[in-house]
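> Handing over data35.cif, mmCIF, C-alpha atoms.
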data_start
#
loop_
_atom_site.group_PDB
_atom_site.id
_atom_site.type_symbol
_atom_site.label_atom_id
_atom_site.label_comp_id
_atom_site.auth_asym_id
_atom_site.auth_seq_id
_atom_site.Cartn_x
_atom_site.Cartn_y
_atom_site.Cartn_z
ATOM 1 C CA ARG A 876 30.341 28.316 6.518
ATOM 2 C CA ASP A 877 30.854 27.092 2.915
ATOM 3 C CA ASP A 878 29.158 23.806 3.780
ATOM 4 C CA LYS A 879 26.223 25.715 5.210
ATOM 5 C CA LEU A 880 25.888 27.741 2.014
ATOM 6 C CA GLN A 881 26.152 24.571 -0.030
ATOM 7 C CA ALA A 882 23.370 22.970 1.995
ATOM 8 C CA GLU A 883 21.189 25.986 1.371
ATOM 9 C CA ASP A 884 21.583 25.348 -2.359
ATOM 10 C CA VAL A 885 19.474 22.235 -1.894
ATOM 11 C CA LEU A 886 16.870 23.854 0.344
ATOM 12 C CA LEU A 887 13.228 23.702 -0.599
ATOM 13 C CA GLU A 888 11.995 27.012 -1.993
ATOM 14 C CA SER A 889 8.448 26.955 -0.722
ATOM 15 C CA LEU A 890 7.043 25.150 2.274
ATOM 16 C CA PRO A 891 4.182 26.016 4.629
ATOM 17 C CA GLY A 892 5.512 27.928 7.624
ATOM 18 C CA ALA A 893 8.196 30.568 7.290
ATOM 19 C CA ARG A 894 10.176 29.186 10.241
ATOM 20 C CA PHE A 895 10.786 25.950 8.334
ATOM 21 C CA ARG A 896 12.040 27.423 5.069
ATOM 22 C CA LYS A 897 15.535 28.260 6.204
ATOM 23 C CA ASN A 898 16.125 24.757 7.577
ATOM 24 C CA VAL A 899 14.684 22.322 5.024
ATOM 25 C CA PRO A 900 16.389 21.322 1.725
ATOM 26 C CA ARG A 901 15.064 23.402 -1.129
ATOM 27 C CA ASN A 902 15.259 20.784 -3.816
ATOM 28 C CA MET A 903 15.995 17.239 -2.749
ATOM 29 C CA ARG A 904 15.125 16.125 -6.276
ATOM 30 C CA MET A 905 18.578 17.258 -7.402
ATOM 31 C CA TYR A 906 19.826 13.832 -6.316
ATOM 32 C CA PRO A 907 17.631 11.139 -7.916
ATOM 33 C CA ASN A 908 20.474 8.579 -7.998
ATOM 34 C CA LEU A 909 21.579 8.508 -4.390
ATOM 35 C CA GLY A 910 21.891 4.739 -4.600
ATOM 36 C CA ASN A 911 24.506 5.036 -7.369
ATOM 37 C CA GLU A 912 28.017 4.508 -5.986
ATOM 38 C CA SER A 913 29.620 7.204 -8.122
ATOM 39 C CA GLU A 914 26.909 9.681 -7.208
ATOM 40 C CA SER A 915 27.198 8.851 -3.508
ATOM 41 C CA LYS A 916 30.801 10.175 -3.514
ATOM 42 C CA ASP A 917 29.515 13.661 -4.217
ATOM 43 C CA PRO A 918 30.112 15.684 -1.013
ATOM 44 C CA ARG A 919 26.759 17.398 -1.496
ATOM 45 C CA ILE A 920 25.037 14.036 -1.098
ATOM 46 C CA GLU A 921 26.818 13.363 2.174
ATOM 47 C CA LEU A 922 25.740 16.814 3.276
ATOM 48 C CA LEU A 923 22.145 16.036 2.337
ATOM 49 C CA LEU A 924 22.184 12.678 4.150
ATOM 50 C CA ASN A 925 23.547 14.330 7.268
ATOM 51 C CA PHE A 926 20.865 16.985 7.007
ATOM 52 C CA VAL A 927 18.114 14.374 6.801
ATOM 53 C CA SER A 928 19.528 12.543 9.818
ATOM 54 C CA ASP A 929 19.934 15.688 11.915
ATOM 55 C CA HIS A 930 16.502 17.106 11.059
ATOM 56 C CA ARG A 931 14.391 13.965 10.798
ATOM 57 C CA ILE A 932 11.896 15.200 13.410
ATOM 58 C CA LEU A 933 11.325 18.446 11.500
ATOM 59 C CA LEU A 934 11.102 16.634 8.171
ATOM 60 C CA ASN A 935 8.574 14.122 9.492
ATOM 61 C CA ALA A 936 6.487 16.952 10.906
ATOM 62 C CA LEU A 937 6.474 18.683 7.522
ATOM 63 C CA LEU A 938 5.568 15.491 5.698
ATOM 64 C CA HIS A 939 2.769 14.805 8.157
ATOM 65 C CA GLN A 940 1.295 18.224 7.277
ATOM 66 C CA ASN A 941 1.863 17.825 3.542
ATOM 67 C CA PRO A 942 2.275 14.147 2.487
ATOM 68 C CA SER A 943 2.312 15.083 -1.225
ATOM 69 C CA LEU A 944 5.885 16.367 -0.775
ATOM 70 C CA LEU A 945 7.049 12.753 -0.983
ATOM 71 C CA ASP A 946 5.928 12.763 -4.618
ATOM 72 C CA LYS A 947 7.675 16.045 -5.312
ATOM 73 C CA ASN A 948 10.688 17.699 -3.734
ATOM 74 C CA PHE A 949 11.085 15.099 -0.995
ATOM 75 C CA GLU A 950 10.872 12.000 -3.185
ATOM 76 C CA VAL A 951 14.430 11.100 -2.194
ATOM 77 C CA MET A 952 13.053 10.313 1.270
ATOM 78 C CA VAL A 953 11.408 7.183 -0.132
ATOM 79 C CA GLN A 954 13.744 6.445 -3.044
ATOM 80 C CA ASP A 955 16.944 6.101 -1.053
ATOM 81 C CA PRO A 956 17.086 3.628 1.874
ATOM 82 C CA ARG A 957 19.541 5.827 3.768
ATOM 83 C CA CYS A 958 16.936 8.576 3.843
ATOM 84 C CA ARG A 959 13.929 6.271 4.033
ATOM 85 C CA LYS A 960 15.028 4.839 7.378
ATOM 86 C CA HIS A 961 14.427 8.268 8.927
ATOM 87 C CA LEU A 962 10.758 8.369 7.868
ATOM 88 C CA ASN A 963 8.405 7.508 10.712
ATOM 89 C CA PHE A 964 5.789 4.805 10.305
ATOM 90 C CA SER A 965 2.915 7.259 9.971
ATOM 91 C CA ASN A 966 4.467 8.956 6.941
ATOM 92 C CA LYS A 967 5.437 5.638 5.353
ATOM 93 C CA ARG A 968 1.864 4.413 5.749
ATOM 94 C CA ALA A 969 0.434 7.630 4.298
ATOM 95 C CA TYR A 970 2.759 7.344 1.287
ATOM 96 C CA PHE A 971 1.876 3.671 0.804
ATOM 97 C CA ARG A 972 -1.848 4.394 0.877
ATOM 98 C CA ALA A 973 -1.433 7.314 -1.523
ATOM 99 C CA GLN A 974 0.339 5.044 -4.011
ATOM 100 C CA LEU A 975 -2.446 2.467 -3.706
ATOM 101 C CA ARG A 976 -5.078 5.139 -4.352
ATOM 102 C CA ARG A 977 -3.182 6.265 -7.434
ATOM 103 C CA LEU A 978 -3.030 2.722 -8.777
ATOM 104 C CA ARG A 979 -6.736 2.220 -8.137
ATOM 105 C CA GLN A 980 -7.668 5.466 -9.866
ATOM 106 C CA HIS A 981 -5.526 4.554 -12.860
ATOM 107 C CA SER A 982 -7.062 1.084 -13.108
ATOM 108 C CA THR A 983 -10.602 2.414 -12.706
ATOM 109 C CA ARG A 984 -10.074 4.956 -15.484
ATOM 110 C CA ARG A 985 -8.656 2.297 -17.781
ATOM 111 C CA TYR A 986 -10.859 -0.712 -17.005
ATOM 112 C CA GLY A 987 -13.824 0.734 -15.131
ATOM 113 C CA SER A 988 -15.047 -0.499 -11.769
ATOM 114 C CA LEU A 989 -14.602 -4.098 -10.665
ATOM 115 C CA ARG A 990 -18.169 -5.388 -10.468
ATOM 116 C CA ILE A 991 -19.266 -8.797 -9.235
ATOM 117 C CA THR A 992 -22.674 -10.318 -8.530
ATOM 118 C CA VAL A 993 -22.859 -13.275 -6.158
ATOM 119 C CA PRO A 994 -25.544 -15.210 -4.264
ATOM 120 C CA ARG A 995 -25.289 -15.026 -0.492
ATOM 121 C CA ARG A 996 -25.453 -18.806 -0.220
ATOM 122 C CA ASP A 997 -22.342 -19.243 -2.370
ATOM 123 C CA VAL A 998 -20.201 -16.127 -1.957
ATOM 124 C CA PHE A 999 -16.821 -17.863 -1.825
ATOM 125 C CA GLU A 1000 -17.156 -20.113 -4.868
ATOM 126 C CA ARG A 1001 -18.851 -17.572 -7.110
ATOM 127 C CA SER A 1002 -16.393 -14.843 -6.161
ATOM 128 C CA PHE A 1003 -13.539 -17.238 -6.866
ATOM 129 C CA HIS A 1004 -14.788 -18.020 -10.371
ATOM 130 C CA GLN A 1005 -15.535 -14.395 -11.234
ATOM 131 C CA LEU A 1006 -12.281 -12.923 -9.956
ATOM 132 C CA ARG A 1007 -9.793 -15.619 -10.949
ATOM 133 C CA ILE A 1008 -9.916 -14.413 -14.562
ATOM 134 C CA LYS A 1009 -9.193 -10.795 -13.662
ATOM 135 C CA THR A 1010 -5.756 -9.319 -14.243
ATOM 136 C CA ALA A 1011 -3.815 -7.581 -11.485
ATOM 137 C CA GLU A 1012 -4.680 -4.172 -12.964
ATOM 138 C CA GLU A 1013 -8.375 -5.038 -13.154
ATOM 139 C CA MET A 1014 -8.284 -6.183 -9.519
ATOM 140 C CA ARG A 1015 -7.062 -2.740 -8.488
ATOM 141 C CA GLY A 1016 -10.264 -1.104 -9.727
ATOM 142 C CA LYS A 1017 -12.963 0.190 -7.395
ATOM 143 C CA LEU A 1018 -15.005 -2.787 -6.189
ATOM 144 C CA HIS A 1019 -18.792 -2.869 -6.441
ATOM 145 C CA VAL A 1020 -20.641 -5.891 -5.037
ATOM 146 C CA THR A 1021 -24.219 -6.943 -5.735
ATOM 147 C CA PHE A 1022 -25.992 -9.880 -4.082
ATOM 148 C CA ASP A 1023 -28.301 -11.920 -6.305
ATOM 149 C CA GLY A 1024 -31.972 -11.012 -5.988
ATOM 150 C CA GLU A 1025 -31.328 -7.935 -3.845
ATOM 151 C CA GLU A 1026 -31.934 -4.364 -4.860
ATOM 152 C CA GLY A 1027 -29.696 -1.590 -3.772
ATOM 153 C CA ILE A 1028 -26.600 0.351 -4.708
ATOM 154 C CA ASP A 1029 -23.276 -0.548 -3.177
ATOM 155 C CA ALA A 1030 -22.258 2.612 -1.333
ATOM 156 C CA GLY A 1031 -19.687 0.686 0.670
ATOM 157 C CA GLY A 1032 -21.875 -1.383 2.951
ATOM 158 C CA LEU A 1033 -22.305 -4.313 0.576
ATOM 159 C CA THR A 1034 -18.581 -4.443 -0.106
ATOM 160 C CA ARG A 1035 -17.809 -4.531 3.625
ATOM 161 C CA GLU A 1036 -20.349 -7.329 4.056
ATOM 162 C CA TRP A 1037 -18.792 -9.239 1.162
ATOM 163 C CA TYR A 1038 -15.363 -9.034 2.784
ATOM 164 C CA SER A 1039 -16.838 -10.176 6.096
ATOM 165 C CA ILE A 1040 -18.493 -13.232 4.545
ATOM 166 C CA LEU A 1041 -15.333 -14.131 2.623
ATOM 167 C CA ALA A 1042 -13.235 -13.921 5.795
ATOM 168 C CA GLN A 1043 -15.463 -16.585 7.348
ATOM 169 C CA LYS A 1044 -15.500 -18.830 4.295
ATOM 170 C CA ILE A 1045 -11.727 -18.743 3.802
ATOM 171 C CA PHE A 1046 -11.329 -20.865 6.934
ATOM 172 C CA ASP A 1047 -14.268 -23.157 6.247
ATOM 173 C CA PRO A 1048 -12.942 -26.696 6.921
ATOM 174 C CA ASN A 1049 -14.894 -27.952 3.902
ATOM 175 C CA TYR A 1050 -12.327 -26.246 1.653
ATOM 176 C CA ALA A 1051 -9.407 -27.797 3.590
ATOM 177 C CA LEU A 1052 -7.251 -24.740 2.878
ATOM 178 C CA PHE A 1053 -6.319 -23.735 6.417
ATOM 179 C CA LYS A 1054 -6.135 -25.271 9.851
ATOM 180 C CA ALA A 1055 -6.139 -23.634 13.267
ATOM 181 C CA GLY A 1056 -2.759 -22.889 14.803
ATOM 182 C CA ALA A 1057 -1.602 -24.064 18.212
ATOM 183 C CA ASP A 1058 -3.215 -21.042 19.853
ATOM 184 C CA GLY A 1059 -6.603 -21.918 18.362
ATOM 185 C CA VAL A 1060 -7.042 -18.348 17.148
ATOM 186 C CA THR A 1061 -4.763 -17.970 14.151
ATOM 187 C CA PHE A 1062 -4.687 -20.103 11.005
ATOM 188 C CA GLN A 1063 -2.046 -21.614 8.755
ATOM 189 C CA PRO A 1064 -2.129 -23.549 5.460
ATOM 190 C CA SER A 1065 -3.341 -27.092 5.910
ATOM 191 C CA PRO A 1066 -1.008 -29.932 4.868
ATOM 192 C CA LEU A 1067 -4.138 -31.722 3.622
ATOM 193 C CA SER A 1068 -5.150 -28.949 1.245
ATOM 194 C CA ASN A 1069 -4.250 -31.089 -1.767
ATOM 195 C CA VAL A 1070 -7.454 -33.070 -1.260
ATOM 196 C CA ASN A 1071 -8.929 -30.134 -3.135
ATOM 197 C CA PRO A 1072 -7.550 -30.443 -6.693
ATOM 198 C CA ASP A 1073 -7.774 -26.661 -7.151
ATOM 199 C CA HIS A 1074 -6.150 -25.834 -3.807
ATOM 200 C CA LEU A 1075 -3.296 -23.799 -5.358
ATOM 201 C CA ALA A 1076 -5.754 -21.672 -7.326
ATOM 202 C CA TYR A 1077 -7.758 -21.118 -4.136
ATOM 203 C CA PHE A 1078 -4.645 -20.103 -2.207
ATOM 204 C CA LYS A 1079 -3.867 -17.593 -4.946
ATOM 205 C CA PHE A 1080 -7.436 -16.320 -4.703
ATOM 206 C CA VAL A 1081 -7.145 -15.881 -0.922
ATOM 207 C CA GLY A 1082 -3.881 -13.977 -1.385
ATOM 208 C CA ARG A 1083 -5.522 -11.667 -3.908
ATOM 209 C CA ILE A 1084 -8.438 -11.034 -1.568
ATOM 210 C CA VAL A 1085 -6.076 -10.151 1.289
ATOM 211 C CA GLY A 1086 -4.153 -7.811 -1.020
ATOM 212 C CA LYS A 1087 -7.377 -6.284 -2.317
ATOM 213 C CA ALA A 1088 -8.588 -5.672 1.240
ATOM 214 C CA ILE A 1089 -5.341 -3.875 2.078
ATOM 215 C CA ALA A 1090 -5.527 -1.790 -1.097
ATOM 216 C CA ASP A 1091 -9.176 -0.885 -0.422
ATOM 217 C CA GLY A 1092 -8.618 -0.127 3.258
ATOM 218 C CA GLN A 1093 -11.097 -2.840 4.254
ATOM 219 C CA LEU A 1094 -10.985 -4.774 7.509
ATOM 220 C CA LEU A 1095 -10.596 -8.484 6.840
ATOM 221 C CA ASP A 1096 -11.165 -10.573 9.951
ATOM 222 C CA ALA A 1097 -8.503 -13.110 9.031
ATOM 223 C CA HIS A 1098 -5.674 -13.943 11.423
ATOM 224 C CA PHE A 1099 -2.739 -15.947 10.115
ATOM 225 C CA THR A 1100 0.173 -17.418 12.062
ATOM 226 C CA HIS A 1101 3.514 -15.615 11.765
ATOM 227 C CA SER A 1102 5.343 -18.630 10.366
#
As structure tokens - that is how I would like this structure written.


Amino acid sequence: RDDKLQAEDVLLESLPGARFRKNVPRNMRMYPNLGNESESKDPRIELLLNFVSDHRILLNALLHQNPSLLDKNFEVMVQDPRCRKHLNFSNKRAYFRAQLRRLRQHSTRRYGSLRITVPRRDVFERSFHQLRIKTAEEMRGKLHVTFDGEEGIDAGGLTREWYSILAQKIFDPNYALFKAGADGVTFQPSPLSNVNPDHLAYFKFVGRIVGKAIADGQLLDAHFTHS
């Protein structure tokens, strides 16, 4: 009975749905240092960890309805690996994407949009030279692409086309960066890439493009081998 009352001391005070309120921790933020060994000896923490394990289905359902809780009262669910393992993939993905959006908004406010202008006949090279000088924070900004000699505002379509063209050029044998894997479908770094004196800079560029595509939620038709 005392343990039950103690658990209720860490119950969340307001959540959507009255039937959830009596079961879900009121304030998981009371324990920001769950990874600290001395803190982990606190019996209340063990109680909280047991609660998360026992009610992981309920907690995931709540987080699916209100993902912003992971930035507030439920932040312990991502901060501590013992709690994080009970998050389902959908909620982890939603949290990851929310963090990426926050980083992009911050970078856009600070540096403005990431704007590039490239000719269609030379998308890979010109993009490489324009983006290689950008910092990581600048790369997080909202991307706007313009093709030389073409009118129009990039409402998303030009950016998608830019990613599509880059995905093809990345594996162009003329750059000697990648070779087809044994399955003939996936690609891996080519052992002959050093014929290109700037091959390391190009590999870095490809990695940044892949990361940028993930951050922007863009489909990049690039398939790499697992090893």

> Edge lengths and centre in Å to one decimal, as JSON, of the axis-aligned box that encloses all listed atoms of range 980-998 of chain A with 8 Å added on every side?


{"center_x": -15.5, "center_y": -6.9, "center_z": -9.0, "size_x": 36.0, "size_y": 40.7, "size_z": 33.6}

> Can you measure CA of Ser928 in chain A to CA of Lys967 in chain A for me? One decimal in Å is fine.

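It comes out at 16.3 Å.
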
> Please measure the separation of CA of Ser943 in chain A and CA of Asp955 in chain A, giving the value in Å to one decimal.

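CA of Ser943 in chain A sits 17.2 Å away from CA of Asp955 in chain A.
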
> I need the output of the PyMOL selection byres ((chain A and resi 984-993) around 10) for this file as number ranges by chain; which residues are they?

A: 978-983, 994-1002, 1005-1006, 1009, 1012-1024, 1037

> If you keep C-alpha atoms, can you produce a file of those selected residues as a compact mmCIF listing (two decimals), in the frame of the given file?


# COMPACT_ATOMS: atom_id res chain seq x y z
CA LEU A 978 -3.03 2.72 -8.78
CA ARG A 979 -6.74 2.22 -8.14
CA GLN A 980 -7.67 5.47 -9.87
CA HIS A 981 -5.53 4.55 -12.86
CA SER A 982 -7.06 1.08 -13.11
CA THR A 983 -10.60 2.41 -12.71
CA PRO A 994 -25.54 -15.21 -4.26
CA ARG A 995 -25.29 -15.03 -0.49
CA ARG A 996 -25.45 -18.81 -0.22
CA ASP A 997 -22.34 -19.24 -2.37
CA VAL A 998 -20.20 -16.13 -1.96
CA PHE A 999 -16.82 -17.86 -1.82
CA GLU A 1000 -17.16 -20.11 -4.87
CA ARG A 1001 -18.85 -17.57 -7.11
CA SER A 1002 -16.39 -14.84 -6.16
CA GLN A 1005 -15.54 -14.40 -11.23
CA LEU A 1006 -12.28 -12.92 -9.96
CA LYS A 1009 -9.19 -10.80 -13.66
CA GLU A 1012 -4.68 -4.17 -12.96
CA GLU A 1013 -8.38 -5.04 -13.15
CA MET A 1014 -8.28 -6.18 -9.52
CA ARG A 1015 -7.06 -2.74 -8.49
CA GLY A 1016 -10.26 -1.10 -9.73
CA LYS A 1017 -12.96 0.19 -7.40
CA LEU A 1018 -15.00 -2.79 -6.19
CA HIS A 1019 -18.79 -2.87 -6.44
CA VAL A 1020 -20.64 -5.89 -5.04
CA THR A 1021 -24.22 -6.94 -5.74
CA PHE A 1022 -25.99 -9.88 -4.08
CA ASP A 1023 -28.30 -11.92 -6.30
CA GLY A 1024 -31.97 -11.01 -5.99
CA TRP A 1037 -18.79 -9.24 1.16

> Between CA of Ala1057 in chain A and CA of Phe1099 in chain A, what is the distance in Å, rounded to a tenth?

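Here the two named atoms are 11.5 Å from each other.
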
> Once the PyMOL selection byres ((chain A and resi 1039) around 12) has been evaluated on this model, what residues remain selected, and can you format them as an MDAnalysis selection string?

chainID A and resid 995 998:999 1032:1038 1040:1045 1084:1085 1088 1093:1097

> Skip Thr1100 in chain A itself and residues of its chain fewer than 5 positions away, then list as a PyMOL selection string all residues within 8 Å of it, counting all atoms listed in the file.

chain A and resi 1056+1061-1063

> Using all atoms listed in the file, which of the listed residues (A:Arg968, A:Lys960, A:His939, A:Arg1083) sits closest to Phe1003 in chain A?

A:Arg1083

> Starting from the point (3.1, 5.2, 2.4), work out which residues of protein, DNA or RNA have an atom no more than 12 Å away when counting all atoms listed in the file; state them as a PyMOL selection string.

chain A and resi 938-939+942-946+950+952-953+959+962-977+1090

> Residues around (-7.1, -16.0, -10.6), cut-off 7 Å, counting only C-alpha atoms - what are they as JSON, numbers by chain?

{"A": [1006, 1007, 1008, 1009, 1076, 1079, 1080]}

> Go through A:Val1081, A:Cys958, A:Leu1075, A:Ile1089 one by one, measure the shortest atom-to-atom distance of each to Glu921 in chain A using only C-alpha atoms, and give the residue with the smallest value.

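Closest to Glu921 in chain A, using only C-alpha atoms: A:Cys958.
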